[in-house]
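One file, coords_38.txt, carrying compact mmCIF, C-alpha atoms:
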# COMPACT_ATOMS: atom_id res chain seq x y z
CA MET A 1 -25.75 -18.47 -0.30
CA LYS A 2 -22.41 -20.18 -1.01
CA GLN A 3 -19.30 -18.03 -0.48
CA LYS A 4 -18.22 -18.55 -4.11
CA ASP A 5 -21.61 -17.49 -5.44
CA LYS A 6 -21.79 -14.56 -3.07
CA THR A 7 -18.47 -13.10 -4.25
CA LEU A 8 -19.52 -13.30 -7.89
CA LEU A 9 -23.02 -12.00 -7.24
CA ILE A 10 -21.66 -8.99 -5.38
CA ASP A 11 -19.38 -8.15 -8.31
CA ARG A 12 -22.18 -8.57 -10.82
CA TYR A 13 -24.48 -6.44 -8.65
CA ILE A 14 -21.87 -3.68 -8.33
CA SER A 15 -21.19 -3.68 -12.06
CA GLY A 16 -24.93 -3.67 -12.84
CA LYS A 17 -24.82 -7.02 -14.61
CA LEU A 18 -27.52 -8.89 -12.64
CA GLU A 19 -30.61 -9.96 -14.55
CA ASP A 20 -34.00 -8.69 -13.31
CA THR A 21 -34.88 -11.79 -11.27
CA GLU A 22 -31.39 -12.12 -9.80
CA LEU A 23 -31.38 -8.43 -8.97
CA TRP A 24 -34.67 -8.62 -7.13
CA GLU A 25 -33.50 -11.69 -5.18
CA PHE A 26 -30.14 -10.11 -4.38
CA LYS A 27 -31.74 -6.87 -3.17
CA THR A 28 -34.07 -8.89 -0.94
CA ASN A 29 -31.04 -10.68 0.49
CA ILE A 30 -29.32 -7.37 1.16
CA GLU A 31 -32.34 -6.13 3.08
CA LYS A 32 -32.46 -9.29 5.18
CA ASP A 33 -28.73 -9.75 5.73
CA ALA A 34 -26.88 -6.85 7.36
CA SER A 35 -23.46 -8.46 6.92
CA LEU A 36 -24.11 -8.91 3.18
CA ALA A 37 -25.21 -5.27 2.90
CA ARG A 38 -22.03 -4.22 4.68
CA GLU A 39 -19.83 -6.31 2.42
CA VAL A 40 -21.50 -4.90 -0.70
CA LYS A 41 -20.93 -1.36 0.56
CA ILE A 42 -17.29 -2.05 1.41
CA ARG A 43 -16.60 -3.81 -1.90
CA LYS A 44 -18.19 -0.96 -3.84
CA GLU A 45 -16.10 1.62 -2.01
CA ILE A 46 -12.95 -0.49 -2.42
CA TYR A 47 -13.48 -0.75 -6.18
CA ASN A 48 -14.16 2.96 -6.46
CA THR A 49 -10.94 3.69 -4.58
CA ILE A 50 -8.75 1.24 -6.46
CA SER A 51 -10.06 2.15 -9.90
CA ASN A 52 -9.24 5.81 -9.29
CA ASP A 53 -5.64 5.66 -10.55
CA LYS A 54 -4.87 9.31 -9.87
CA LYS A 55 -6.04 9.17 -6.29
CA MET A 56 -4.18 5.90 -5.74
CA GLU A 57 -1.04 7.67 -6.89
CA LEU A 58 -1.57 10.42 -4.31
CA LEU A 59 -2.19 7.82 -1.59
CA LYS A 60 1.08 6.11 -2.53
CA ILE A 61 2.94 9.41 -2.33
CA LEU A 62 1.43 10.11 1.09
CA SER A 63 2.15 6.66 2.46
CA ASN A 64 5.75 6.89 1.36
CA ILE A 65 6.47 10.23 2.98
CA SER A 66 7.18 8.79 6.41
CA ALA A 67 9.21 5.95 4.91
CA LYS A 68 11.35 8.44 3.02
CA LYS A 69 12.02 10.44 6.17
CA GLN A 70 13.65 7.39 7.73
CA THR A 71 16.18 7.01 4.95
CA ARG A 72 17.11 10.61 4.49
CA PHE A 73 20.47 10.10 6.10
CA PHE A 74 21.43 8.21 2.95
CA LYS A 75 20.64 11.20 0.76
CA ILE A 76 23.35 13.62 1.80
CA ASN A 77 23.53 16.50 -0.63
CA ILE A 78 26.70 15.54 -2.49
CA HIS A 79 27.24 16.55 -6.10
CA SER A 80 30.60 15.09 -7.07
CA ARG A 81 30.48 11.55 -8.49
CA GLN A 82 33.74 10.59 -6.79
CA VAL A 83 32.48 11.83 -3.43
CA GLN A 84 29.18 10.02 -3.99
CA ALA A 85 31.05 6.79 -4.71
CA PHE A 86 33.24 7.30 -1.66
CA ALA A 87 30.19 8.03 0.53
CA ALA A 88 28.44 4.90 -0.76
CA SER A 89 31.55 2.82 0.03
CA VAL A 90 31.74 4.25 3.53
CA ILE A 91 28.06 3.43 4.18
CA VAL A 92 28.53 -0.14 2.92
CA LEU A 93 31.72 -0.57 4.94
CA MET A 94 29.99 0.82 8.02
CA ILE A 95 27.14 -1.64 7.60
CA ILE A 96 29.43 -4.62 6.90
CA GLY A 97 32.05 -3.58 9.44
CA GLY A 98 29.40 -2.82 12.03
CA GLY A 99 27.86 -6.24 11.48
CA LEU A 100 31.22 -8.04 11.72
CA LEU A 101 32.23 -6.12 14.82
CA SER A 102 28.93 -6.69 16.56
CA ASN A 103 29.14 -10.42 15.72
CA TYR A 104 32.67 -10.53 17.08
CA ILE A 105 31.81 -8.92 20.40
CA GLY A 106 28.66 -10.96 20.77
CA TYR A 107 25.92 -8.41 20.06
CA GLY A 108 25.07 -9.61 16.56
CA ASN A 109 22.26 -11.99 17.35
CA SER A 110 20.17 -10.80 14.41
CA SER A 111 21.89 -11.85 11.15
CA ASN A 112 21.07 -10.58 7.67
CA TYR A 113 19.44 -13.95 7.10
CA ASP A 114 17.12 -13.22 10.05
CA VAL A 115 16.15 -9.94 8.44
CA TYR A 116 15.46 -11.80 5.20
CA THR A 117 13.22 -14.36 6.93
CA GLU A 118 11.37 -11.55 8.71
CA TYR A 119 10.49 -9.81 5.47
CA PHE A 120 10.09 -12.66 3.00
CA ILE A 121 6.39 -13.09 2.18
CA ASP A 122 5.36 -16.56 1.13
CA GLU A 123 3.12 -16.08 -1.91
CA GLY A 124 1.95 -19.68 -1.58
CA SER A 125 0.31 -18.97 1.75
CA LEU A 126 -2.61 -17.46 -0.12
CA LEU A 127 -3.24 -20.61 -2.07
CA SER A 128 -5.53 -22.77 -0.04
CA THR A 129 -6.65 -25.23 -2.70
CA ARG A 130 -3.85 -27.71 -3.17
CA SER A 131 -5.39 -30.81 -4.65
CA ASP A 132 -6.51 -29.52 -8.04
CA VAL A 133 -3.30 -29.86 -10.00
CA LYS A 134 -4.94 -32.19 -12.49
CA ALA A 135 -7.66 -29.66 -13.17
CA SER A 136 -5.18 -26.99 -14.18
CA ASN A 137 -4.62 -26.20 -17.83
CA SER A 138 -1.21 -24.66 -17.95
CA LEU A 139 2.20 -25.80 -16.81
CA VAL A 140 2.69 -22.50 -15.04
CA GLU A 141 -0.43 -22.95 -12.99
CA SER A 142 0.59 -26.51 -12.13
CA GLY A 143 3.95 -25.16 -11.06
CA VAL A 144 2.31 -22.57 -8.81
CA LEU A 145 0.20 -25.28 -7.20
CA LEU A 146 3.27 -27.49 -6.69
CA TYR A 147 4.98 -24.51 -5.12
CA SER A 148 2.05 -24.03 -2.77
CA ASP A 149 2.41 -27.71 -1.86
CA ASP A 150 6.05 -27.09 -0.89
CA LYS A 151 7.28 -29.19 -3.84
CA TYR A 152 9.79 -26.62 -4.94
CA THR A 153 12.12 -28.78 -7.04
CA GLU A 154 9.22 -30.22 -9.05
CA ALA A 155 7.74 -26.74 -9.42
CA ILE A 156 11.05 -25.40 -10.76
CA SER A 157 11.20 -28.12 -13.41
CA LEU A 158 7.80 -26.96 -14.72
CA PHE A 159 8.73 -23.30 -14.55
CA ASP A 160 11.97 -24.05 -16.42
CA SER A 161 9.90 -25.30 -19.36
CA ASN A 162 8.41 -21.79 -19.67
CA PRO A 163 11.51 -19.59 -19.58
CA GLU A 164 9.81 -16.63 -21.24
CA ASN A 165 6.83 -16.54 -18.88
CA VAL A 166 7.40 -13.90 -16.19
CA VAL A 167 4.98 -15.55 -13.75
CA ALA A 168 6.98 -18.78 -14.10
CA ARG A 169 10.17 -16.81 -13.52
CA LEU A 170 8.69 -15.15 -10.44
CA TYR A 171 7.55 -18.37 -8.81
CA SER A 172 10.77 -20.06 -9.86
CA GLY A 173 12.56 -17.32 -7.94
CA PHE A 174 10.35 -17.92 -4.90
CA SER A 175 11.02 -21.66 -5.16
CA TYR A 176 14.79 -21.12 -5.23
CA MET A 177 14.44 -18.83 -2.22
CA LYS A 178 12.61 -21.59 -0.37
CA LEU A 179 15.44 -23.97 -1.29
CA GLN A 180 17.93 -21.32 -0.13
CA GLN A 181 19.57 -21.28 -3.57
CA PHE A 182 19.74 -17.54 -3.63
CA ASP A 183 22.12 -17.23 -6.62
CA MET A 184 19.56 -19.04 -8.77
CA ALA A 185 16.71 -16.95 -7.32
CA GLU A 186 18.58 -13.78 -8.22
CA GLN A 187 18.81 -14.90 -11.87
CA GLN A 188 15.02 -15.27 -12.06
CA PHE A 189 14.31 -11.86 -10.55
CA GLU A 190 16.97 -10.20 -12.71
CA TYR A 191 15.28 -11.66 -15.80
CA ILE A 192 11.93 -10.11 -14.78
CA ILE A 193 13.54 -6.73 -14.08
CA ASN A 194 15.47 -6.74 -17.36
CA HIS A 195 12.39 -7.90 -19.26
CA ASN A 196 10.92 -4.53 -18.19
CA ASP A 197 7.48 -5.03 -19.76
CA ASN A 198 5.50 -6.79 -17.08
CA ILE A 199 3.58 -6.14 -13.87
CA PHE A 200 5.92 -7.97 -11.49
CA ILE A 201 8.93 -5.68 -11.52
CA ASP A 202 8.41 -4.24 -8.04
CA GLN A 203 7.95 -7.73 -6.62
CA ALA A 204 11.06 -8.97 -8.45
CA GLU A 205 13.15 -6.06 -7.16
CA TRP A 206 11.96 -6.60 -3.60
CA ASN A 207 12.75 -10.32 -3.65
CA LEU A 208 16.05 -9.74 -5.40
CA GLY A 209 16.99 -7.43 -2.51
CA LEU A 210 15.93 -10.08 0.01
CA SER A 211 17.97 -12.73 -1.84
CA TYR A 212 21.03 -10.49 -1.76
CA LEU A 213 20.44 -9.95 1.94
CA ALA A 214 20.08 -13.66 2.67
CA SER A 215 23.36 -14.39 0.91
CA ASN A 216 25.14 -11.47 2.61
CA LYS A 217 25.60 -9.44 -0.58
CA ILE A 218 25.09 -6.27 1.40
CA LYS A 219 26.39 -3.82 -1.20
CA GLN A 220 23.93 -5.08 -3.83
CA ALA A 221 21.13 -5.27 -1.26
CA VAL A 222 21.64 -1.66 -0.16
CA LYS A 223 21.70 -0.55 -3.78
CA ILE A 224 18.41 -2.21 -4.68
CA PHE A 225 16.62 -1.29 -1.45
CA THR A 226 17.69 2.35 -1.97
CA LYS A 227 16.16 2.16 -5.45
CA ILE A 228 12.94 0.66 -4.06
CA VAL A 229 12.66 3.35 -1.37
CA SER A 230 13.07 6.14 -3.92
CA GLY A 231 10.62 4.53 -6.34
CA ASN A 232 7.46 5.14 -4.29
CA GLY A 233 6.36 1.58 -4.99
CA ALA A 234 4.52 -1.00 -2.93
CA TYR A 235 7.60 -2.12 -1.04
CA SER A 236 9.24 1.22 -0.33
CA SER A 237 8.25 1.49 3.31
CA GLN A 238 9.39 -2.09 4.02
CA ALA A 239 12.64 -1.41 2.17
CA ALA A 240 13.12 1.69 4.30
CA ASN A 241 12.66 -0.41 7.42
CA ILE A 242 15.28 -2.88 6.22
CA MET A 243 17.71 -0.04 5.51
CA LYS A 244 17.14 1.19 9.03
CA GLU A 245 17.75 -2.29 10.46
CA LEU A 246 20.97 -2.60 8.46
CA GLU A 247 22.07 0.77 9.72
CA ASN A 248 21.44 -0.26 13.33
CA LYS A 249 23.26 -3.59 13.08
CA MET J 1 13.90 25.06 0.41
CA LYS J 2 11.88 26.49 -2.49
CA GLU J 3 8.81 28.39 -1.33
CA TYR J 4 5.46 27.65 -2.97
CA THR J 5 2.47 29.95 -3.21
CA THR J 6 -0.95 28.76 -2.09
CA GLN J 7 -2.01 28.28 -5.71
CA GLU J 8 1.15 26.32 -6.54
CA ILE J 9 0.49 24.06 -3.56
CA LEU J 10 -3.11 23.44 -4.60
CA ASN J 11 -2.00 22.72 -8.16
CA GLY J 12 0.72 20.43 -6.85
CA ILE J 13 -1.76 18.42 -4.78
CA SER J 14 -4.18 18.04 -7.68
CA GLU J 15 -1.34 16.96 -9.99
CA ASN J 16 0.10 14.41 -7.51
CA ASN J 17 3.36 16.32 -7.41
CA SER J 18 5.40 14.40 -4.83
CA VAL J 19 7.82 17.31 -4.39
CA VAL J 20 4.98 19.61 -3.37
CA VAL J 21 3.46 16.98 -1.06
CA GLN J 22 6.87 16.49 0.54
CA TYR J 23 7.16 20.27 0.88
CA ILE J 24 3.81 20.40 2.73
CA TYR J 25 4.99 17.61 5.00
CA ASP J 26 8.35 19.24 5.71
CA ARG J 27 6.76 22.60 6.27
CA TYR J 28 3.70 21.77 8.35
CA PHE J 29 3.79 18.24 9.73
CA GLN J 30 5.71 19.03 12.92
CA SER J 31 3.25 21.78 13.85
CA ILE J 32 0.32 19.45 13.25
CA ARG J 33 2.05 16.75 15.27
CA LYS J 34 2.65 19.14 18.19
CA PHE J 35 -0.96 20.22 18.11
CA ILE J 36 -2.24 16.64 18.12
CA GLU J 37 0.15 15.61 20.87
CA LYS J 38 -1.14 18.55 22.91
CA PHE J 39 -4.61 17.06 22.59
CA GLY J 40 -3.77 13.50 23.48
CA GLY J 41 -2.68 12.01 20.15
CA GLY J 42 0.57 10.57 18.89
CA LYS J 43 2.77 10.70 15.80
CA ASP J 44 0.71 8.07 13.97
CA ASP J 45 -2.49 10.01 14.64
CA ALA J 46 -0.79 13.12 13.29
CA LEU J 47 0.24 11.29 10.14
CA ASP J 48 -3.31 10.00 9.62
CA VAL J 49 -4.76 13.46 10.08
CA PHE J 50 -2.14 15.01 7.78
CA GLN J 51 -2.83 12.46 5.03
CA GLU J 52 -6.61 12.74 5.27
CA GLY J 53 -6.38 16.54 5.25
CA ILE J 54 -4.39 16.43 2.00
CA ILE J 55 -6.83 13.98 0.40
CA VAL J 56 -9.82 16.13 1.33
CA ILE J 57 -8.17 19.17 -0.27
CA TYR J 58 -7.24 17.06 -3.32
CA GLU J 59 -10.92 16.12 -3.78
CA GLN J 60 -12.04 19.72 -3.33
CA VAL J 61 -9.58 20.93 -5.99
CA ILE J 62 -10.32 18.07 -8.41
CA GLU J 63 -14.08 18.61 -8.12
CA ALA J 64 -13.59 22.39 -8.36
CA LYS J 65 -15.39 22.79 -5.05
CA ILE J 66 -12.75 24.93 -3.41
CA LYS J 67 -13.26 28.67 -3.12
CA PRO J 68 -10.24 30.95 -3.41
CA ILE J 69 -8.08 30.87 -0.30
CA ASN J 70 -5.40 33.32 0.70
CA ASN J 71 -3.35 31.14 2.94
CA PHE J 72 -2.88 27.39 2.47
CA ARG J 73 -1.47 26.94 5.95
CA THR J 74 -4.52 28.44 7.68
CA TYR J 75 -6.96 26.34 5.70
CA PHE J 76 -4.98 23.11 5.96
CA PHE J 77 -4.47 23.51 9.69
CA SER J 78 -8.16 24.24 10.16
CA ILE J 79 -9.07 20.98 8.43
CA CYS J 80 -6.51 18.99 10.44
CA LYS J 81 -7.65 20.51 13.73
CA PHE J 82 -11.30 19.98 12.89
CA LYS J 83 -10.57 16.36 12.01
CA TRP J 84 -8.76 15.74 15.28
CA PHE J 85 -11.39 17.47 17.39
CA ASN J 86 -14.03 15.32 15.83
CA MET J 87 -12.04 12.22 16.64
CA ILE J 88 -11.76 13.18 20.28
CA ARG J 89 -15.10 14.94 20.65
CA ASP J 90 -16.29 12.28 23.05
CA GLY J 91 -13.05 12.51 24.98
CA LYS J 92 -11.93 14.66 27.83
CA PHE J 93 -10.73 17.72 25.94
CA ASP J 94 -14.00 19.53 25.31
CA GLU J 95 -13.26 22.53 27.49
CA PHE J 96 -10.05 23.19 25.54
CA THR J 97 -11.35 22.30 22.12
CA ASN J 98 -14.25 24.73 22.28
CA VAL J 99 -11.86 27.67 22.30
CA GLU J 100 -9.77 26.25 19.47
CA MET J 101 -12.88 25.38 17.44
CA GLU J 102 -14.01 28.99 17.48
CA GLU J 103 -10.74 29.96 15.81
CA ILE J 104 -10.93 27.47 12.98
CA LEU J 105 -14.62 27.41 12.13
CA PRO J 106 -14.77 30.63 10.07
CA ALA J 107 -12.17 29.40 7.56
CA LEU J 108 -13.99 26.08 7.21
CA GLU J 109 -17.53 27.40 7.03
CA TYR J 110 -16.45 29.82 4.31
CA GLN J 111 -15.68 26.77 2.14
CA GLN J 112 -18.53 24.42 2.94
CA SER J 113 -20.95 23.28 5.61
CA LEU J 114 -19.38 21.45 8.50
CA ASP J 115 -21.64 18.48 7.81
CA ASN J 116 -20.19 18.23 4.31
CA LEU J 117 -16.67 18.47 5.66
CA ASN J 118 -17.45 15.79 8.21
CA SER J 119 -18.75 13.47 5.49
CA ALA J 120 -15.71 14.18 3.31
CA LEU J 121 -13.30 13.43 6.14
CA GLU J 122 -15.13 10.22 7.03
CA LYS J 123 -15.11 9.16 3.37
CA GLU J 124 -11.37 9.78 3.05
CA ARG J 125 -10.69 7.93 6.31
CA ARG J 126 -12.34 4.88 4.78
CA VAL J 127 -10.52 5.39 1.49
CA LYS J 128 -7.21 5.37 3.33
CA ILE J 129 -8.17 2.15 5.11
CA TYR J 130 -9.03 0.54 1.78
CA PHE J 131 -5.76 1.68 0.32
CA ASN J 132 -3.73 0.41 3.29
CA GLY J 133 -5.51 -2.96 3.20
CA PHE J 134 -4.92 -3.21 -0.53
CA MET J 135 -1.22 -2.46 -0.14
CA GLU J 136 -0.85 -5.27 2.39
CA LEU J 137 -1.83 -7.85 -0.22
CA SER J 138 0.66 -9.70 -2.39
CA ASN J 139 1.49 -8.15 -5.73
CA THR J 140 -0.49 -10.84 -7.55
CA CYS J 141 -3.61 -10.08 -5.49
CA ARG J 142 -3.18 -6.35 -5.99
CA MET J 143 -2.95 -6.71 -9.75
CA MET J 144 -5.95 -9.02 -9.82
CA ILE J 145 -8.13 -6.73 -7.70
CA ARG J 146 -7.10 -3.72 -9.77
CA TYR J 147 -8.28 -5.49 -12.90
CA ILE J 148 -11.56 -6.43 -11.16
CA ALA J 149 -12.07 -2.86 -9.95
CA HIS J 150 -11.53 -1.63 -13.50
CA GLY J 151 -14.27 -4.00 -14.65
CA TRP J 152 -12.15 -6.67 -16.37
CA VAL J 153 -13.79 -10.08 -16.80
CA ILE J 154 -12.13 -13.21 -15.42
CA GLU J 155 -11.11 -14.50 -18.86
CA ASP J 156 -9.20 -11.31 -19.67
CA ILE J 157 -7.51 -11.24 -16.27
CA ALA J 158 -6.46 -14.90 -16.70
CA ASP J 159 -5.04 -14.13 -20.13
CA GLU J 160 -3.16 -11.05 -18.92
CA MET J 161 -1.64 -12.81 -15.92
CA GLY J 162 -0.83 -16.12 -17.61
CA PHE J 163 -3.16 -18.18 -15.40
CA SER J 164 -6.01 -20.50 -16.30
CA VAL J 165 -9.57 -19.25 -15.84
CA THR J 166 -10.21 -21.79 -13.05
CA TYR J 167 -7.16 -20.73 -11.11
CA THR J 168 -7.88 -17.02 -11.65
CA TYR J 169 -11.41 -17.52 -10.41
CA ARG J 170 -10.20 -19.18 -7.21
CA LYS J 171 -7.36 -16.75 -6.66
CA ARG J 172 -9.63 -13.78 -7.18
CA GLN J 173 -11.96 -15.05 -4.47
CA GLN J 174 -9.07 -15.61 -2.05
CA CYS J 175 -7.68 -12.15 -2.70
CA LEU J 176 -11.05 -10.45 -2.26
CA ASP J 177 -11.83 -12.38 0.92
CA LYS J 178 -8.46 -11.43 2.36
CA LEU J 179 -8.90 -7.77 1.45
CA VAL J 180 -12.42 -7.54 2.88
CA LYS J 181 -11.26 -9.18 6.13
CA LEU J 182 -8.29 -6.81 6.38
CA VAL J 183 -10.47 -3.79 5.72
CA GLU J 184 -13.17 -4.83 8.18
CA TYR J 185 -10.54 -5.38 10.85
CA LYS J 186 -9.06 -1.93 10.22
CA LEU J 187 -12.48 -0.25 10.12
CA ASN J 188 -13.44 -1.86 13.45
CA LYS J 189 -10.09 -0.92 14.96
CA HIS J 190 -10.49 2.70 13.86
CA ASN J 191 -14.05 2.85 15.10
CA THR J 192 -12.87 2.06 18.59
CA GLN J 193 -10.18 4.76 18.59
CA PRO J 194 -9.20 6.97 20.24
Have the structure of the file written as structure tokens, please.
Amino acid sequence: MKQKDKTLLIDRYISGKLEDTELWEFKTNIEKDASLAREVKIRKEIYNTISNDKKMELLKILSNISAKKQTRFFKINIHSRQVQAFAASVIVLMIIGGGLLSNYIGYGNSSNYDVYTEYFIDEGSLLSTRSDVKASNSLVESGVLLYSDDKYTEAISLFDSNPENVVARLYSGFSYMKLQQFDMAEQQFEYIINHNDNIFIDQAEWNLGLSYLASNKIKQAVKIFTKIVSGNGAYSSQAANIMKELENK
Amino acid sequence: MKEYTTQEILNGISENNSVVVQYIYDRYFQSIRKFIEKFGGGKDDALDVFQEGIIVIYEQVIEAKIKPINNFRTYFFSICKFKWFNMIRDGKFDEFTNVEMEEILPALEYQQSLDNLNSALEKERRVKIYFNGFMELSNTCRMMIRYIAHGWVIEDIADEMGFSVTYTYRKRQQCLDKLVKLVEYKLNKHNTQP
């Protein structure tokens, strides 16, 4: 059975959409092939887990508990706005000053850019098929494939022709990050965040924070990573780790 | 710190109230951690046991399978201890665990058979592995797999995400392959621990 067919067949089997003959054949295959049976079981359990929105929410809360503990030192119980602003300034100055001092005395081997490169996830690494650009129907998809082929400038020109498409904006941001044009990357992620009606906001916030970090805009980076940590989203534990690294620099 | 009654805690868990979950963590995690360290585990083990204990109680409350309990702490600790003893039952702590087991079994057996509890804990262990694997994927993959899990067809997913059907089809397969590999790795890793 081809891998492509197998994936589809498993989904159709799980959702009860196989025709009688297909079903009989698939069940026979499951009986013969232990690894297929195992994959079907795992996929079924995965779908059950992921489609249970309420339970997923609890799992997110639980997974963020330990991340939150690490950043509690940032959440001193201060009620006055002036004192809050002062405290925030002190934290930023400590981070910047600490970084400058450690660089000066020779201990600052790990720059903010290093932290950025450690945490930046290349979305294109998941795209293994790179020669099908002609087969694609949309400019956005062509842009994504160009991005995965490391042709960032060409990809950006396609994304620019779809300024209202959030996927184009997202991959445009990634492309600018790859080109180390972080100011331009920030504009793309800010658009997605301000757009506010799409599924990529957490990803945009995370990469906006990384762009700030790469260009040494520590105050903005701390602000957005603090927001990510408190938001219980997908990147909160990684954001907490970055905050900890900034604190230790 | 605000104090919560047992019923408020159970309601909080079933309603995904993060304040209540944080309260349970702040209140009980260190004791669970000390207990697990006493029996050969570490902080990460304690966190796993804590999380799975909460999820098991969540399921019991949601499915209305929980009988009235007087003291949340006693019940929660019993589940966590039972879970850890099962994980190390082939280890070297049997002579100690037998004594501890005698203390926790009445509270557990009052609720359900130990076989049922064992199955529930095993199920939630797998659920947590699926969740962790899922969260390691890129945002695009997570969205795509969520749509698949909710029964969306490829054409609708493509439309929602602004991709072509061909690309969505390929991407979906890559995402699923990656997730299954991640999950299988984690399941195998867990099966060989401790």
**Item:** Contact set, chain J to chain A: 9 Å, all atoms listed in the file, as a ChimeraX atom specification
**Value:** /J:13-18,21-22,25,47,51,54-55,58-59,126-128,130-132,134-136,138-140,143,145-151,161-167,170-171,173-178,180,183-184
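Comparing J:Val49, J:Val61, J:Ile66, J:Leu179 by their smallest distance to Ile79 in chain J, the closest is J:Val49 (using all atoms listed in the file).
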**Request:** Tell me, in Å to one decimal, how far CA of Asp45 in chain J is from CA of Phe120 in chain A.
**Result:** 28.4 Å
**Computed interatomic separation between CA of Lys17 in chain A and CA of Lys123 in chain J (Å)** =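 Separation of CA of Lys17 in chain A and CA of Lys123 in chain J: 26.1 Å.
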**Prompt:** Please, what distance in Å, to one decimal, runs between CA of Val56 in chain J and CA of Phe76 in chain J?
**Reply:** 9.7 Å
**Request:** With a distance cut-off of 8 Å and only C-alpha atoms, select the neighbouring residues of Asn216 in chain A, excluding the residue or stretch itself and same-chain residues fewer than 2 positions from it, and output the selection as a list in words.
**Result:** Asn112, Tyr113, Tyr212, Leu213, Ala214 and Ile218 of chain A
Would you kindly place all heavy atoms on range 52-57 of chain J and return the model as a PDB file, in the coordinates of the input?
ATOM      1  N   GLU J  52      -5.188  12.559   5.595  1.00  0.00           N
ATOM      2  CA  GLU J  52      -6.610  12.740   5.270  1.00  0.00           C
ATOM      3  C   GLU J  52      -6.908  14.195   4.911  1.00  0.00           C
ATOM      4  O   GLU J  52      -7.735  14.473   4.048  1.00  0.00           O
ATOM      5  CB  GLU J  52      -7.482  12.237   6.429  1.00  0.00           C
ATOM      6  CG  GLU J  52      -7.535  10.717   6.453  1.00  0.00           C
ATOM      7  CD  GLU J  52      -7.901  10.123   7.798  1.00  0.00           C
ATOM      8  OE1 GLU J  52      -8.726  10.717   8.511  1.00  0.00           O
ATOM      9  OE2 GLU J  52      -7.342   9.060   8.153  1.00  0.00           O
ATOM     10  N   GLY J  53      -6.219  15.113   5.578  1.00  0.00           N
ATOM     11  CA  GLY J  53      -6.380  16.540   5.250  1.00  0.00           C
ATOM     12  C   GLY J  53      -5.975  16.816   3.814  1.00  0.00           C
ATOM     13  O   GLY J  53      -6.683  17.507   3.067  1.00  0.00           O
ATOM     14  N   ILE J  54      -4.857  16.235   3.391  1.00  0.00           N
ATOM     15  CA  ILE J  54      -4.390  16.430   2.000  1.00  0.00           C
ATOM     16  C   ILE J  54      -5.397  15.836   1.013  1.00  0.00           C
ATOM     17  O   ILE J  54      -5.727  16.446  -0.004  1.00  0.00           O
ATOM     18  CB  ILE J  54      -3.005  15.747   1.783  1.00  0.00           C
ATOM     19  CG1 ILE J  54      -1.922  16.401   2.639  1.00  0.00           C
ATOM     20  CG2 ILE J  54      -2.614  15.751   0.299  1.00  0.00           C
ATOM     21  CD1 ILE J  54      -1.345  17.676   2.094  1.00  0.00           C
ATOM     22  N   ILE J  55      -5.904  14.641   1.343  1.00  0.00           N
ATOM     23  CA  ILE J  55      -6.830  13.980   0.400  1.00  0.00           C
ATOM     24  C   ILE J  55      -8.127  14.778   0.267  1.00  0.00           C
ATOM     25  O   ILE J  55      -8.695  14.888  -0.832  1.00  0.00           O
ATOM     26  CB  ILE J  55      -7.132  12.525   0.815  1.00  0.00           C
ATOM     27  CG1 ILE J  55      -5.846  11.731   0.990  1.00  0.00           C
ATOM     28  CG2 ILE J  55      -7.976  11.833  -0.241  1.00  0.00           C
ATOM     29  CD1 ILE J  55      -6.057  10.379   1.656  1.00  0.00           C
ATOM     30  N   VAL J  56      -8.596  15.328   1.382  1.00  0.00           N
ATOM     31  CA  VAL J  56      -9.820  16.130   1.330  1.00  0.00           C
ATOM     32  C   VAL J  56      -9.602  17.348   0.418  1.00  0.00           C
ATOM     33  O   VAL J  56     -10.435  17.663  -0.437  1.00  0.00           O
ATOM     34  CB  VAL J  56     -10.253  16.574   2.746  1.00  0.00           C
ATOM     35  CG1 VAL J  56     -11.258  17.719   2.671  1.00  0.00           C
ATOM     36  CG2 VAL J  56     -10.883  15.400   3.486  1.00  0.00           C
ATOM     37  N   ILE J  57      -8.455  17.999   0.571  1.00  0.00           N
ATOM     38  CA  ILE J  57      -8.170  19.170  -0.270  1.00  0.00           C
ATOM     39  C   ILE J  57      -8.028  18.732  -1.740  1.00  0.00           C
ATOM     40  O   ILE J  57      -8.517  19.401  -2.653  1.00  0.00           O
ATOM     41  CB  ILE J  57      -6.910  19.915   0.221  1.00  0.00           C
ATOM     42  CG1 ILE J  57      -7.208  20.542   1.583  1.00  0.00           C
ATOM     43  CG2 ILE J  57      -6.473  20.985  -0.775  1.00  0.00           C
ATOM     44  CD1 ILE J  57      -6.054  21.273   2.218  1.00  0.00           C
TER      45      ILE J  57
END
